[in-house]
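**Student:** Below is upload_25.cif; it holds mmCIF, C-alpha atoms.
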```
data_input
#
loop_
_atom_site.label_atom_id
_atom_site.label_comp_id
_atom_site.auth_asym_id
_atom_site.auth_seq_id
_atom_site.Cartn_x
_atom_site.Cartn_y
_atom_site.Cartn_z
CA SER A 23 -28.49 5.95 -0.56
CA ALA A 24 -28.52 5.49 -4.31
CA ALA A 25 -26.06 8.36 -4.69
CA ARG A 26 -23.66 6.68 -2.29
CA GLU A 27 -24.00 3.37 -4.11
CA ARG A 28 -23.04 5.10 -7.35
CA ALA A 29 -20.09 6.67 -5.58
CA MET A 30 -18.67 3.36 -4.44
CA LEU A 31 -16.24 1.43 -6.57
CA PHE A 32 -15.55 -2.05 -5.27
CA ALA A 33 -12.10 -3.48 -5.87
CA THR A 34 -12.27 -7.13 -4.82
CA ALA A 35 -9.82 -9.98 -4.86
CA ALA A 36 -9.57 -12.13 -7.98
CA ARG A 37 -8.05 -15.59 -8.23
CA ARG A 38 -5.42 -14.75 -10.83
CA ALA A 39 -1.65 -14.71 -11.10
CA GLY A 40 -0.35 -11.66 -9.28
CA ALA A 41 1.71 -10.45 -12.22
CA ALA A 42 -1.24 -10.50 -14.61
CA VAL A 43 -3.39 -8.44 -12.29
CA GLY A 44 -0.58 -6.09 -11.34
CA LEU A 45 0.51 -5.25 -14.85
CA ALA A 46 -3.06 -4.94 -16.08
CA VAL A 47 -3.92 -2.37 -13.45
CA ALA A 48 -0.61 -0.52 -13.19
CA HIS A 49 -1.62 1.72 -16.09
CA TYR A 50 -5.28 1.99 -15.14
CA ALA A 51 -6.41 5.56 -14.52
CA THR A 52 -9.82 6.36 -13.04
CA ASN A 53 -10.70 8.58 -15.99
CA GLY A 54 -14.36 7.78 -15.37
CA ALA A 55 -14.40 9.82 -12.17
CA ARG A 56 -17.34 11.87 -13.44
CA ASP A 57 -19.32 8.62 -13.80
CA VAL A 58 -18.38 7.46 -10.31
CA ALA A 59 -19.37 10.60 -8.44
CA ARG A 60 -21.58 13.15 -10.18
CA SER A 61 -20.94 16.06 -7.87
CA GLU A 62 -20.47 19.64 -9.03
CA ALA A 63 -16.82 19.55 -8.00
CA ALA A 64 -15.70 16.02 -8.85
CA PRO A 65 -12.18 15.21 -7.57
CA ALA A 66 -9.30 14.88 -9.98
CA ALA A 67 -8.69 11.52 -11.54
CA LEU A 68 -5.84 9.53 -10.05
CA ARG A 69 -4.41 6.10 -10.64
CA PHE A 70 -3.17 3.35 -8.39
CA GLY A 71 -1.72 -0.11 -8.79
CA LEU A 72 -3.66 -3.22 -7.84
CA VAL A 73 -2.29 -6.70 -7.19
CA THR A 74 -3.65 -9.71 -5.35
CA ASP A 75 -3.16 -13.38 -4.44
CA ILE A 76 0.56 -13.63 -5.12
CA GLN A 77 0.66 -16.55 -2.63
CA TYR A 78 4.44 -16.92 -2.79
CA CYS A 79 5.98 -20.11 -1.46
CA ASP A 80 9.31 -21.73 -2.34
CA VAL A 81 7.77 -25.04 -3.42
CA ASP A 82 7.05 -26.69 -6.77
CA ASP A 83 3.95 -25.94 -8.83
CA ALA A 84 0.87 -27.86 -7.71
CA GLN A 85 -2.90 -27.96 -7.90
CA ASN A 86 -4.89 -25.66 -5.65
CA TYR A 87 -6.93 -27.01 -2.70
CA GLY A 88 -9.94 -27.75 -4.90
CA GLY A 89 -7.86 -29.29 -7.70
CA THR A 90 -9.28 -26.84 -10.23
CA GLU A 91 -6.15 -24.92 -11.24
CA THR A 92 -2.36 -25.00 -11.12
CA ARG A 93 -0.62 -22.68 -8.70
CA PHE A 94 2.83 -21.40 -9.65
CA TYR A 95 4.07 -20.95 -6.10
CA ARG A 96 7.78 -20.37 -6.68
CA GLY A 97 7.25 -18.48 -9.93
CA SER A 98 4.91 -16.00 -8.27
CA LEU A 99 7.95 -14.19 -6.84
CA GLU A 100 9.04 -13.31 -10.36
CA GLY A 101 5.45 -12.26 -11.05
CA ALA A 102 5.60 -9.87 -8.09
CA LYS A 103 8.80 -8.38 -9.48
CA ARG A 104 7.18 -7.84 -12.88
CA ALA A 105 4.19 -6.19 -11.22
CA ALA A 106 6.53 -3.86 -9.29
CA ASP A 107 8.29 -3.00 -12.56
CA GLY A 108 4.94 -2.05 -14.07
CA PHE A 109 4.03 0.07 -11.07
CA ARG A 110 7.41 1.80 -11.12
CA GLU A 111 7.02 2.59 -14.82
CA ALA A 112 3.53 3.96 -14.21
CA LYS A 113 4.81 6.12 -11.34
CA SER A 114 7.48 7.68 -13.53
CA ASP A 115 5.06 8.08 -16.46
CA GLY A 116 2.27 10.25 -15.15
CA GLY A 117 2.26 9.26 -11.51
CA LEU A 118 0.93 6.49 -9.30
CA ALA A 119 -0.74 7.40 -6.00
CA PHE A 120 -0.15 4.06 -4.29
CA VAL A 121 -0.32 0.28 -4.69
CA ALA A 122 -3.17 -1.75 -3.17
CA GLN A 123 -2.38 -5.39 -2.40
CA LEU A 124 -5.61 -7.30 -1.75
CA GLY A 125 -4.30 -10.18 0.34
CA ASP A 126 -2.73 -13.64 0.26
CA LEU A 127 0.73 -12.23 -0.26
CA VAL A 128 2.32 -15.50 0.91
CA ASP A 129 0.87 -19.01 0.79
CA GLY A 130 -0.25 -20.90 3.88
CA GLN A 131 2.18 -23.75 3.18
CA ASN A 132 4.97 -21.51 4.47
CA ALA A 133 3.65 -22.11 7.99
CA GLY A 134 4.71 -25.77 7.73
CA GLY A 135 1.33 -27.34 8.47
CA TYR A 136 0.25 -28.91 5.18
CA GLY A 137 1.17 -29.77 1.61
CA ALA A 138 4.73 -29.31 0.40
CA GLY A 139 5.21 -26.93 3.31
CA LEU A 140 5.51 -29.88 5.72
CA LYS A 141 9.25 -29.65 5.07
CA TRP A 142 9.14 -26.60 7.36
CA LYS A 143 7.14 -28.28 10.12
CA GLY A 144 8.38 -26.93 13.42
CA ALA A 145 10.40 -24.19 11.71
CA PRO A 146 8.00 -22.08 9.60
CA ASN A 147 9.22 -20.30 6.51
CA SER A 148 6.60 -17.55 6.89
CA LYS A 149 8.89 -14.65 7.83
CA LYS A 150 11.43 -15.40 5.09
CA ALA A 151 8.72 -15.78 2.43
CA LEU A 152 7.17 -12.46 3.45
CA ALA A 153 10.57 -10.74 3.40
CA ASP A 154 11.28 -12.13 -0.08
CA VAL A 155 7.99 -10.99 -1.60
CA LEU A 156 8.14 -7.55 0.06
CA ALA A 157 11.63 -7.12 -1.36
CA ALA A 158 10.19 -7.90 -4.80
CA MET A 159 7.36 -5.41 -4.38
CA ASP A 160 9.77 -2.75 -3.15
CA GLY A 161 10.86 -2.43 -6.76
CA CYS A 162 8.26 0.34 -6.72
CA ASP A 163 8.72 2.96 -4.00
CA ALA A 164 5.07 4.10 -3.90
CA PRO A 165 3.10 3.59 -0.66
CA HIS A 166 1.62 0.08 -0.39
CA PHE A 167 -1.66 -0.64 1.39
CA HIS A 168 -2.34 -4.29 2.23
CA CYS A 169 -5.54 -6.23 2.87
CA VAL A 170 -5.64 -9.25 5.15
CA GLY A 171 -6.33 -12.52 3.35
CA ASN A 172 -6.87 -15.97 4.80
CA HIS A 173 -3.31 -16.98 3.93
CA GLU A 174 -1.92 -14.09 6.00
CA LEU A 175 -3.73 -15.60 8.98
CA TYR A 176 -2.43 -19.09 8.19
CA ASN A 177 1.07 -17.62 8.68
CA PHE A 178 0.69 -14.83 11.24
CA SER A 179 -1.53 -13.76 14.11
CA PRO A 180 -3.26 -10.37 13.83
CA SER A 181 -0.80 -8.85 16.31
CA GLU A 182 2.15 -10.15 14.27
CA LEU A 183 0.69 -8.49 11.18
CA VAL A 184 0.24 -5.17 12.99
CA GLU A 185 3.73 -5.25 14.48
CA GLY A 186 5.59 -6.83 11.55
CA PRO A 187 7.17 -5.70 8.27
CA LEU A 188 3.81 -5.58 6.49
CA ASN A 189 3.13 -2.49 8.60
CA ARG A 190 6.43 -0.61 8.38
CA GLY A 191 7.94 2.02 6.13
CA ARG A 192 5.99 2.36 2.88
CA HIS A 193 3.82 -0.65 3.79
CA ALA A 194 0.58 -0.44 5.78
CA VAL A 195 -1.75 -3.29 6.78
CA ALA A 196 -3.17 -1.50 9.82
CA LYS A 197 -3.81 1.93 11.27
CA ASP A 198 -3.83 2.65 15.00
CA GLY A 199 -3.65 -1.10 15.60
CA SER A 200 -6.72 -1.88 13.48
CA LEU A 201 -6.62 -4.14 10.41
CA TYR A 202 -9.43 -2.12 8.84
CA PHE A 203 -8.98 1.57 8.15
CA SER A 204 -9.42 4.34 5.60
CA PHE A 205 -7.24 6.96 3.94
CA GLU A 206 -7.72 9.82 1.51
CA ARG A 207 -6.05 10.86 -1.71
CA ASP A 208 -6.99 13.88 -3.85
CA GLY A 209 -10.63 13.99 -2.82
CA TRP A 210 -11.13 10.22 -2.88
CA THR A 211 -11.75 8.06 0.19
CA PHE A 212 -10.21 4.59 0.18
CA VAL A 213 -11.45 1.94 2.61
CA VAL A 214 -9.42 -1.14 3.53
CA LEU A 215 -11.64 -3.83 5.04
CA ASN A 216 -10.65 -6.84 7.14
CA PRO A 217 -13.07 -9.58 6.03
CA TYR A 218 -11.52 -11.93 8.62
CA GLU A 219 -12.48 -10.00 11.74
CA VAL A 220 -14.70 -13.07 12.29
CA SER A 221 -12.71 -16.15 11.25
CA SER A 222 -11.81 -19.65 12.33
CA SER A 223 -8.22 -18.81 11.31
CA LEU A 224 -7.87 -16.43 14.26
CA PRO A 225 -6.35 -17.51 17.59
CA LYS A 226 -8.83 -19.80 19.34
CA GLN A 227 -9.05 -17.57 22.43
CA SER A 228 -10.21 -14.58 20.39
CA PRO A 229 -13.83 -13.34 20.14
CA GLY A 230 -13.55 -13.48 16.34
CA TYR A 231 -12.77 -17.20 16.45
CA ALA A 232 -15.61 -17.90 18.88
CA ALA A 233 -18.11 -16.11 16.64
CA ALA A 234 -16.87 -17.92 13.53
CA ALA A 235 -16.89 -21.32 15.24
CA ALA A 236 -20.47 -20.85 16.40
CA LEU A 237 -21.56 -19.83 12.91
CA LEU A 238 -19.79 -22.74 11.22
CA ARG A 239 -21.23 -25.27 13.66
CA ALA A 240 -24.71 -23.89 13.06
CA GLU A 241 -24.53 -23.62 9.27
CA ASN A 242 -22.16 -26.41 8.13
CA PRO A 243 -22.92 -30.06 9.00
CA ASN A 244 -19.34 -31.15 8.32
CA PRO A 245 -16.59 -31.29 11.01
CA VAL A 246 -14.79 -28.31 9.46
CA LEU A 247 -13.23 -27.18 12.74
CA ASP A 248 -11.76 -30.60 13.54
CA GLY A 249 -9.44 -31.21 10.60
CA PRO A 250 -9.40 -31.95 6.86
CA CYS A 251 -12.75 -32.87 5.35
CA ASP A 252 -15.00 -31.97 2.44
CA PHE A 253 -16.08 -28.49 3.49
CA PHE A 254 -18.90 -28.37 0.94
CA GLU A 255 -20.57 -31.75 1.36
CA GLY A 256 -24.31 -31.28 1.75
CA LEU A 257 -24.17 -27.52 1.13
CA GLU A 258 -25.75 -25.64 -1.74
CA GLY A 259 -26.60 -22.09 -2.76
CA PRO A 260 -25.92 -19.37 -0.16
CA SER A 261 -24.90 -22.00 2.42
CA LEU A 262 -21.72 -22.69 0.42
CA ARG A 263 -20.14 -19.61 2.01
CA PHE A 264 -20.03 -21.17 5.49
CA VAL A 265 -16.56 -22.70 5.19
CA PRO A 266 -13.31 -22.06 7.13
CA PHE A 267 -11.45 -20.08 4.46
CA ASN A 268 -14.15 -17.41 4.40
CA GLY A 269 -14.77 -14.82 7.09
CA GLY A 270 -16.91 -11.94 8.25
CA LEU A 271 -16.65 -8.24 9.05
CA GLY A 272 -18.42 -8.35 12.41
CA ASP A 273 -20.84 -5.78 13.84
CA ALA A 274 -18.21 -3.25 14.94
CA GLN A 275 -16.55 -3.09 11.52
CA LEU A 276 -19.91 -2.85 9.74
CA ALA A 277 -20.86 0.09 11.96
CA TRP A 278 -17.47 1.72 11.29
CA LEU A 279 -17.94 1.22 7.53
CA ALA A 280 -21.39 2.81 7.60
CA ALA A 281 -20.02 5.81 9.53
CA THR A 282 -17.06 6.15 7.13
CA LEU A 283 -19.36 6.16 4.10
CA GLU A 284 -21.65 8.69 5.76
CA GLU A 285 -18.70 10.95 6.49
CA ALA A 286 -17.53 10.74 2.87
CA GLY A 287 -20.83 12.22 1.69
CA ASP A 288 -20.91 12.60 -2.09
CA ALA A 289 -17.17 12.04 -2.52
CA PRO A 290 -16.18 8.85 -4.36
CA VAL A 291 -15.28 5.87 -2.20
CA VAL A 292 -13.21 2.85 -3.20
CA VAL A 293 -13.48 -0.25 -1.01
CA PHE A 294 -10.65 -2.80 -0.93
CA SER A 295 -11.24 -6.29 0.46
CA HIS A 296 -9.76 -9.74 0.02
CA LEU A 297 -13.25 -11.25 -0.03
CA PRO A 298 -15.94 -9.80 -2.32
CA VAL A 299 -18.34 -7.53 -0.47
CA PHE A 300 -20.99 -7.51 -3.20
CA ALA A 301 -22.75 -10.83 -3.79
CA GLY A 302 -23.38 -10.02 -7.44
CA CYS A 303 -19.65 -10.22 -8.24
CA ALA A 304 -18.92 -13.39 -6.25
CA SER A 305 -19.41 -17.11 -6.17
CA TRP A 306 -21.33 -18.37 -3.15
CA ARG A 307 -18.13 -20.17 -2.24
CA ASN A 308 -16.40 -16.89 -1.38
#
```
Translate the structure described by the file into structure tokens.

**Tutor:**
Amino acid sequence: SAARERAMLFATAARRAGAAVGLAVAHYATNGARDVARSEAAPAALRFGLVTDIQYCDVDDAQNYGGTETRFYRGSLEGAKRAADGFREAKSDGGLAFVAQLGDLVDGQNAGGYGAGLKWKGAPNSKKALADVLAAMDGCDAPHFHCVGNHELYNFSPSELVEGPLNRGRHAVAKDGSLYFSFERDGWTFVVLNPYEVSSSLPKQSPGYAAAAALLRAENPNPVLDGPCDFFEGLEGPSLRFVPFNGGLGDAQLAWLAATLEEAGDAPVVVFSHLPVFAGCASWRN
């Protein structure tokens, strides 16, 4: 409904340095709560930290996959520490309900399969990199809720994410074994989506991989499932989204999301996702 659309605030991933996003949002308070949900008993304003795309990897700076920007892989660890400092300061100065981390906490090169990460071929650096960046983020002791990004899946299987350190203590990437879930704070409902429930980055025996592979074969003329190639050759407009680093929610998650929004009623809802869920705020490429 229109009322529900007004009540939803989408927090989507941005391709920026983690520190810049973290420090910018650490002091952000949702003082516009009355504009988000115009109910007679609007919930109290609260504030939370937001950080995304840290993509830590202990390798030298380099261009991104598309060659359009420089990634500061090693330096992003210091950026995560600065973000945690900002969150900690915000928590002690008026309170901070939690920190939302929108995915790509560590870079795919840690898995040892490409780029400078080939130095770890056969002995992935994924677990160490994740431990290092979580230690940096633990500079703030607020609860941390994590979204799954494509780089998480380059390094870990879904079961490893559910059972690993990203889902222990103050950190949560899953609830009851599911990588999409919701939680409540002070009258607000927060939804954490898994936009890679359908993805070619999932284990090949999984239903999510099968669905993604079928879609990519149908919509992308390039051999994107067979190895490196130009993902975008021959694609334009909406078809640009049918590439391996993107993903989908799947029917079950969409049904769950609809039910969760219905249950929230007129209360404000914030949706977290690594991939944009509203086409108007995204490039067709993501």

**Student:** Might you spell out which residues the PyMOL selection byres ((chain A and resi 96) around 8) would select in the displayed file, as a ChimeraX atom specification?

**Tutor:** /A:78-83,94-95,97-99

**Student:** For Ser223 in chain A, which residue out of A:Gly88, A:Gly108, A:Gly130, A:Pro298 is the nearest one, using all atoms listed in the file?

**Tutor:**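 For Ser223 in chain A, the nearest of the given residues is A:Gly130.
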
**Student:** Using all atoms listed in the file, pick whichever of A:Leu224, A:Ala234, A:Cys162, A:Val73 has the shortest atom-to-atom distance to Leu118 in chain A.

**Tutor:** A:Cys162

**Student:** Of the residues A:Asp273, A:Glu91, A:Glu255, A:Asp208, which is the one nearest to Val220 in chain A, using only C-alpha atoms?

**Tutor:**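 Of A:Asp273, A:Glu91, A:Glu255, A:Asp208, the one nearest Val220 in chain A is A:Asp273, counting only C-alpha atoms.
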
**Student:** For CA of Phe178 in chain A and CA of Gly191 in chain A, quote the distance in Å rounded to one decimal.

**Tutor:**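 One can read the CA of Phe178 in chain A to CA of Gly191 in chain A distance as 19.0 Å.
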
**Student:** Can you tell me how far CA of Val293 in chain A sits from CA of Ser221 in chain A, in Å to one decimal?

**Tutor:**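 Taking CA of Val293 in chain A and CA of Ser221 in chain A, their separation equals 20.1 Å.
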
**Student:** Could you give me, as a tab-separated table, every range 147-251 of chain A residue with an atom at most 12 Å from range 304-308 of chain A, plus its closest atom pair and distance in Å to one decimal, counting all atoms listed in the file, rows ordered by chain then number?

**Tutor:**
```
residue	atom	partner	partner_atom	distance
A:Gly171	CA	A:Asn308	CA	12.0
A:Asn172	CA	A:Asn308	CA	11.4
A:Pro217	CA	A:Asn308	CA	10.9
```

**Student:** Would you translate the PyMOL selection byres ((chain A and resi 103) around 12) into the concrete set of residues it matches in this file, as a ChimeraX atom specification?

**Tutor:** /A:40-42,44-45,73,76,78,97-102,104-110,154-162

**Student:** If we count all atoms listed in the file, what is near Tyr176 in chain A at a cut-off of 10 Å, once residues fewer than 5 positions away on the same chain are taken out, given as a ChimeraX atom specification?

**Tutor:** /A:126,128-135,148,171,223-224,267

**Student:** Quick one, how far is CA of Gln77 in chain A from CA of Glu174 in chain A?

**Tutor:**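 So the answer is 9.3 Å.
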
**Student:** Closest to Arg207 in chain A among A:Phe264, A:Phe253, A:Tyr136, A:Phe120, using only C-alpha atoms?

**Tutor:**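 Result for the nearest residue to Arg207 in chain A: A:Phe120.
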
**Student:** Would you place a box with edges along x, y and z of the file around all atoms of range 207-214 of chain A listed there, add 3 Å to each of its six sides, and report the centre and edge lengths in Å to one decimal, as lines of an AutoDock Vina configuration file?

**Tutor:**
```
center_x = -8.9
center_y = 6.4
center_z = -0.2
size_x = 11.7
size_y = 21.1
size_z = 13.4
```

**Student:** With all atoms listed in the file as the counted atoms, please give the residues lying no more than 10 Å from Thr282 in chain A, apart from itself and same-chain residues fewer than 3 positions off, as JSON, numbers by chain.

**Tutor:** {"A": [203, 204, 211, 212, 213, 276, 277, 278, 279, 285, 286, 287, 291]}

**Student:** Missing atoms in range 64-81 of chain A should be modelled up to N, CA, C and O atoms and reported as a PDB file, in the coordinates of the input.

**Tutor:**
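Output below, filename selection.pdb:
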```
ATOM      1  N   ALA A  64     -16.250  17.379  -8.897  1.00  0.00           N
ATOM      2  CA  ALA A  64     -15.700  16.020  -8.850  1.00  0.00           C
ATOM      3  C   ALA A  64     -14.187  16.093  -8.638  1.00  0.00           C
ATOM      4  O   ALA A  64     -13.511  16.958  -9.193  1.00  0.00           O
ATOM      5  N   PRO A  65     -13.622  15.196  -7.818  1.00  0.00           N
ATOM      6  CA  PRO A  65     -12.180  15.210  -7.570  1.00  0.00           C
ATOM      7  C   PRO A  65     -11.406  14.823  -8.824  1.00  0.00           C
ATOM      8  O   PRO A  65     -11.944  14.198  -9.739  1.00  0.00           O
ATOM      9  N   ALA A  66     -10.159  15.204  -8.842  1.00  0.00           N
ATOM     10  CA  ALA A  66      -9.300  14.880  -9.980  1.00  0.00           C
ATOM     11  C   ALA A  66      -9.132  13.372 -10.095  1.00  0.00           C
ATOM     12  O   ALA A  66      -9.180  12.637  -9.106  1.00  0.00           O
ATOM     13  N   ALA A  67      -8.971  12.932 -11.326  1.00  0.00           N
ATOM     14  CA  ALA A  67      -8.690  11.520 -11.540  1.00  0.00           C
ATOM     15  C   ALA A  67      -7.306  11.189 -10.970  1.00  0.00           C
ATOM     16  O   ALA A  67      -6.414  12.037 -10.944  1.00  0.00           O
ATOM     17  N   LEU A  68      -7.150   9.995 -10.489  1.00  0.00           N
ATOM     18  CA  LEU A  68      -5.840   9.530 -10.050  1.00  0.00           C
ATOM     19  C   LEU A  68      -5.745   8.057 -10.400  1.00  0.00           C
ATOM     20  O   LEU A  68      -6.745   7.409 -10.717  1.00  0.00           O
ATOM     21  N   ARG A  69      -4.555   7.516 -10.355  1.00  0.00           N
ATOM     22  CA  ARG A  69      -4.410   6.100 -10.640  1.00  0.00           C
ATOM     23  C   ARG A  69      -3.573   5.424  -9.570  1.00  0.00           C
ATOM     24  O   ARG A  69      -2.745   6.052  -8.914  1.00  0.00           O
ATOM     25  N   PHE A  70      -3.860   4.139  -9.394  1.00  0.00           N
ATOM     26  CA  PHE A  70      -3.170   3.350  -8.390  1.00  0.00           C
ATOM     27  C   PHE A  70      -2.963   1.947  -8.932  1.00  0.00           C
ATOM     28  O   PHE A  70      -3.680   1.495  -9.824  1.00  0.00           O
ATOM     29  N   GLY A  71      -1.985   1.254  -8.385  1.00  0.00           N
ATOM     30  CA  GLY A  71      -1.720  -0.110  -8.790  1.00  0.00           C
ATOM     31  C   GLY A  71      -2.538  -1.082  -7.951  1.00  0.00           C
ATOM     32  O   GLY A  71      -2.870  -0.811  -6.799  1.00  0.00           O
ATOM     33  N   LEU A  72      -2.852  -2.217  -8.532  1.00  0.00           N
ATOM     34  CA  LEU A  72      -3.660  -3.220  -7.840  1.00  0.00           C
ATOM     35  C   LEU A  72      -3.076  -4.604  -8.115  1.00  0.00           C
ATOM     36  O   LEU A  72      -2.831  -4.963  -9.264  1.00  0.00           O
ATOM     37  N   VAL A  73      -2.833  -5.357  -7.039  1.00  0.00           N
ATOM     38  CA  VAL A  73      -2.290  -6.700  -7.190  1.00  0.00           C
ATOM     39  C   VAL A  73      -2.864  -7.571  -6.083  1.00  0.00           C
ATOM     40  O   VAL A  73      -3.170  -7.077  -4.987  1.00  0.00           O
ATOM     41  N   THR A  74      -3.039  -8.845  -6.357  1.00  0.00           N
ATOM     42  CA  THR A  74      -3.650  -9.710  -5.350  1.00  0.00           C
ATOM     43  C   THR A  74      -3.226 -11.157  -5.518  1.00  0.00           C
ATOM     44  O   THR A  74      -2.807 -11.577  -6.604  1.00  0.00           O
ATOM     45  N   ASP A  75      -3.340 -11.921  -4.425  1.00  0.00           N
ATOM     46  CA  ASP A  75      -3.160 -13.380  -4.440  1.00  0.00           C
ATOM     47  C   ASP A  75      -1.833 -13.819  -5.053  1.00  0.00           C
ATOM     48  O   ASP A  75      -1.792 -14.742  -5.871  1.00  0.00           O
ATOM     49  N   ILE A  76      -0.753 -13.186  -4.660  1.00  0.00           N
ATOM     50  CA  ILE A  76       0.560 -13.630  -5.120  1.00  0.00           C
ATOM     51  C   ILE A  76       0.865 -15.023  -4.551  1.00  0.00           C
ATOM     52  O   ILE A  76       1.391 -15.887  -5.237  1.00  0.00           O
ATOM     53  N   GLN A  77       0.525 -15.255  -3.297  1.00  0.00           N
ATOM     54  CA  GLN A  77       0.660 -16.550  -2.630  1.00  0.00           C
ATOM     55  C   GLN A  77       2.035 -17.195  -2.856  1.00  0.00           C
ATOM     56  O   GLN A  77       2.158 -18.358  -3.245  1.00  0.00           O
ATOM     57  N   TYR A  78       3.081 -16.414  -2.574  1.00  0.00           N
ATOM     58  CA  TYR A  78       4.440 -16.920  -2.790  1.00  0.00           C
ATOM     59  C   TYR A  78       4.788 -18.017  -1.783  1.00  0.00           C
ATOM     60  O   TYR A  78       4.500 -17.933  -0.588  1.00  0.00           O
ATOM     61  N   CYS A  79       5.437 -19.041  -2.304  1.00  0.00           N
ATOM     62  CA  CYS A  79       5.980 -20.110  -1.460  1.00  0.00           C
ATOM     63  C   CYS A  79       7.068 -20.806  -2.273  1.00  0.00           C
ATOM     64  O   CYS A  79       6.892 -21.079  -3.465  1.00  0.00           O
ATOM     65  N   ASP A  80       8.182 -21.093  -1.655  1.00  0.00           N
ATOM     66  CA  ASP A  80       9.310 -21.730  -2.340  1.00  0.00           C
ATOM     67  C   ASP A  80       9.108 -23.238  -2.426  1.00  0.00           C
ATOM     68  O   ASP A  80       9.849 -24.023  -1.836  1.00  0.00           O
ATOM     69  N   VAL A  81       8.066 -23.623  -3.173  1.00  0.00           N
ATOM     70  CA  VAL A  81       7.770 -25.040  -3.420  1.00  0.00           C
ATOM     71  C   VAL A  81       7.394 -25.184  -4.899  1.00  0.00           C
ATOM     72  O   VAL A  81       7.139 -24.203  -5.594  1.00  0.00           O
TER      73      VAL A  81
END
```
